[in-house]
Structures are given as structure tokens and as C-alpha cells.
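K.L.:
Take a look at the following structure, please.
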Amino acid sequence: MPDTPIGFIGLGIMGTPMARNLMKAAYPLVVYNRTASKAQALAQEGAQAASSPREVAQRCPVVITMVTDSPDVEAVVLGKSGVIEGIQADGVLIDMSTISPQVTRAIAEQLRKRGGHMLDAPVSGGLWGAQSGTLAIMVGGEKGVFERCLPVFQAMGKTIVHVGGNGMGQVTKLVNQILVAGTLNAVCEALVFAAKAGADLEKTIEAVAEGAAGSWQLRNLGPRMVRGDFAPGFMARLQQKDLRLILEAAREMHVPLPGTALVHQLYAALEADGRGNEGTQALIRVHRLLAGVEARKKGE
Ligand code: NAP
């Protein structure tokens, strides 16, 4: 597939390094970002800037979107000057944002009516996974279209699994987020408990991180919590968006998710404190307050 121009819409925290990895794999890249200034860095590195999602689709048989939420994907795909107005015959939209499975299926249907295809391909692995090209990518859509696009995914990710038809990529991502939210909350509780007991927090993490309690959240975010580093790889307000999507889907299926609902409420406390743009690891601020303990490395 190299030589195929790839379109990339949404150059935020995740989109920029993902697009950069496509250029590293020698794909010609056409980019669009709502805030045009954010496309400048990639343009200087060789990407061509387009003036609308429609133009991106006119110029590229494969278009990737990496924007925020369901209404944002609807806007860039189905809205005025959207991807759908320029989609090529047999063209593919790959949406890598995390959005609603239902909205995904509706967008796929609209594209099908115009002779295009859609893959929903949300990712896990955070900013660091995006930078290193090691994202986990869970893909929904037609198997043949997935196989055609596999080299594109391989430029950005490591674990790439076709999980079913349209919407199932997003369902799998919501499963991923139930696991992430519960695990992260457990990391916060564990560190606050350890702090109150007078433990050395760095030694505690070192001692447990490679055993049965080890997790990506503990290894990557635990040390940041202890250092008081709340810079975002993944913003708390986006985690809240994902938890909202999970709880909406669960309500429709009558599946109780008490643990996930609790974490959603704890993040609401963080947002109420004006910290929605901090990284998800800032959840420990809420637990610190509840326990009346600092949970930081000595001297921090
Ligand atoms: P971000 O830094 O906030 O970037 C969002 C991007 O979407 C920006 O380029 C923004 O454009 C664009 N956008 C939003 N609404 C738009 C609209 N209505 N029309 C056009 N463009 C719009 O967020 P991110 O962290 O990269 O996350 C992007 C997606 O990946 C989200 O669905 C998120 O849940 C998912 N995700 C994130 C991570 C992570 O660790 N960060 C991990 C896995 C999945 P402007 O520049 O103009 O605002």
C-alpha cells in the first residue's frame, strides 16, 4: 500500500504522532486540522495541508479521523464540506477516535450509500504508544477492507485485531476502558493506603509492579502520581467521555456496572475542581482528599 496517499484529520495529542508514523513508513500524507496552526509542524515535515475534510477525501483513497467524540466525527464526516462529500469510489474512512458504537454504525451506513467503506479502529496505548508506533488497534468493519488497510495500521500499532463488523471495534474499546478505569482507580486507592501506612511509594511500586498486581496503569502512571506529574497523555475529560459512552451502552443493554459508575463519579469530582484537562492519573487527587493524605514522594 505505500505510495497510497493517506488523509489524516485531527492532529491533537494522539493524531500528530500517529500521522508522523505514517510519514515515517513513507506514506504521502494529506492533513487537516480544525485549528490550522496545529497542522504546521507536520507540513514542515513534508505533509500537505488541505482546507477541508472534503478535500482530504477527494485527494486520498484512505482517510483517517482522530477527533474527540461522536458529534465531532459526525461533523467532519457527514457535515458541511465533510469527508462524505469527497469520498472516492471504494474509498475507506478509518475512524480511530473513541466514539459510540451506534453512531459508528449509522456513519458506516451513510458512507456505504455513497460507495465508500468505514472501519472503526479505536486505539489503546496512550500518547507513548502513539509516539512509538505500538498502539493496540481494535478494528470493526468488513474483513476484506480491514485486510486492505492492514499495512496502514501496522505503521501505527503493534497489536492489531479485527474484532467483527462495524461498531465492534468501538465496543471492544469500551471493554478496554472498563478495565483501564477500574485498574487506575485501584492504583490510586493502593497508593493512598500505602502513603497513610508510611510506606516508601517508589519502593512499593517497584516491589509490586512485576507481580500479579502489575498493570500498565501502575507501571506508567503510578510513578507520575507519586511525582505529582499530572501532565496529560490522556485527559481526564476524555476518560469521562469514554465512561459516559460505556454507561450509556450498558444502560441500553441493562448491564449494571457499579465499579465503572463509581469511577465516573470520582472523575466528576476532579472535573468539578477544574482539572479535566489534566491526565487521568490526576484521579489520585480525589483519593488524597478523601483520605487526608498526600501520597507523594518525600520532598515533592
Ligand atoms: P485532543 O488532543 O483533544 O485532540 C482532538 C482533536 O480533534 C483535535 O485535533 C481537534 O481539533 C479535533 N476536533 C475535535 N472536535 C472537532 C470537530 N468538531 N471538528 C473538527 N475537529 C475536531 O485529543 P486526543 O487525546 O488526541 O484524543 C483523540 C481521540 O483519541 C479521542 O476520541 C480520545 O478518546 C481517543 N484516545 C486518546 C488517547 C490518549 O491517550 N490521548 C488514547 C486512546 C484513545 P482542534 O485542534 O481544532 O481542537
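A note on labels: chains of the C-alpha cells are A, B, ... as shown, every chain counts residues from 1, and ligands are counted from 1 in their shown order.
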Throw together the list of residues within 7 Å of ligand 1, counting only C-alpha atoms and all ligand atoms, and drop it here as a PyMOL selection string.
P.N.:
chain A and resi 10-15+33-35+38+66-69+71-73+75-76+96-99+122-127+233-235+238-239+242
K.L.:
Excluding A:Ala155 and its own-chain neighbours fewer than 6 positions away, which residues fall within 12 Å of it when counting only C-alpha atoms? Please give them as a ChimeraX atom specification.
P.N.:
/A:1-2,6,17-27,129-137,149
K.L.:
Taking only C-alpha atoms into account, which of A:Ser215, A:Gln154, A:Gln40, A:Thr172 comes nearest A:Ala186?
P.N.:
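Of A:Ser215, A:Gln154, A:Gln40, A:Thr172, the one nearest A:Ala186 is A:Ser215, counting only C-alpha atoms.
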K.L.:
Taking the backbone alone, and naming residues the way the document does, which bits of stretch 87-272 of chain A are alpha helix (DSSP H) by DSSP, as number ranges by chain?
P.N.:
A: 101-113, 126-132, 143-154, 168-196, 201-208, 216, 222-227, 236-253, 258-272
K.L.:
Between atom CA of A:Thr159 and atom CA of A:Leu243, what is the distance in Å, rounded to a tenth?
P.N.:
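According to the coordinates, atom CA of A:Thr159 and atom CA of A:Leu243 are separated by 23.2 Å.
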K.L.:
So which residues touch A:Ile9 within 6 Å, counting only C-alpha atoms, skipping near sequence neighbours fewer than 6 positions away, as a list in words?
P.N.:
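Those residues are Val31, Tyr32, Asn33 and Thr65 of chain A.
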K.L.:
Sort by chain and increasing residue number a table of all residues of stretch 149-184 of chain A within 12 Å of stretch 82-95 of chain A, each with its closest pair of atoms and their distance in Å to one decimal, counting only C-alpha atoms, and write it as CSV.
P.N.:
```
residue,atom,partner,partner_atom,distance
A:Cys149,CA,A:Val92,CA,8.6
A:Leu150,CA,A:Ile94,CA,11.3
A:Val152,CA,A:Ile94,CA,10.0
A:Phe153,CA,A:Ile94,CA,9.8
A:Asn166,CA,A:Asp95,CA,10.8
A:Gly167,CA,A:Asp95,CA,10.7
A:Gly169,CA,A:Asp95,CA,9.9
A:Gln170,CA,A:Asp95,CA,9.8
```
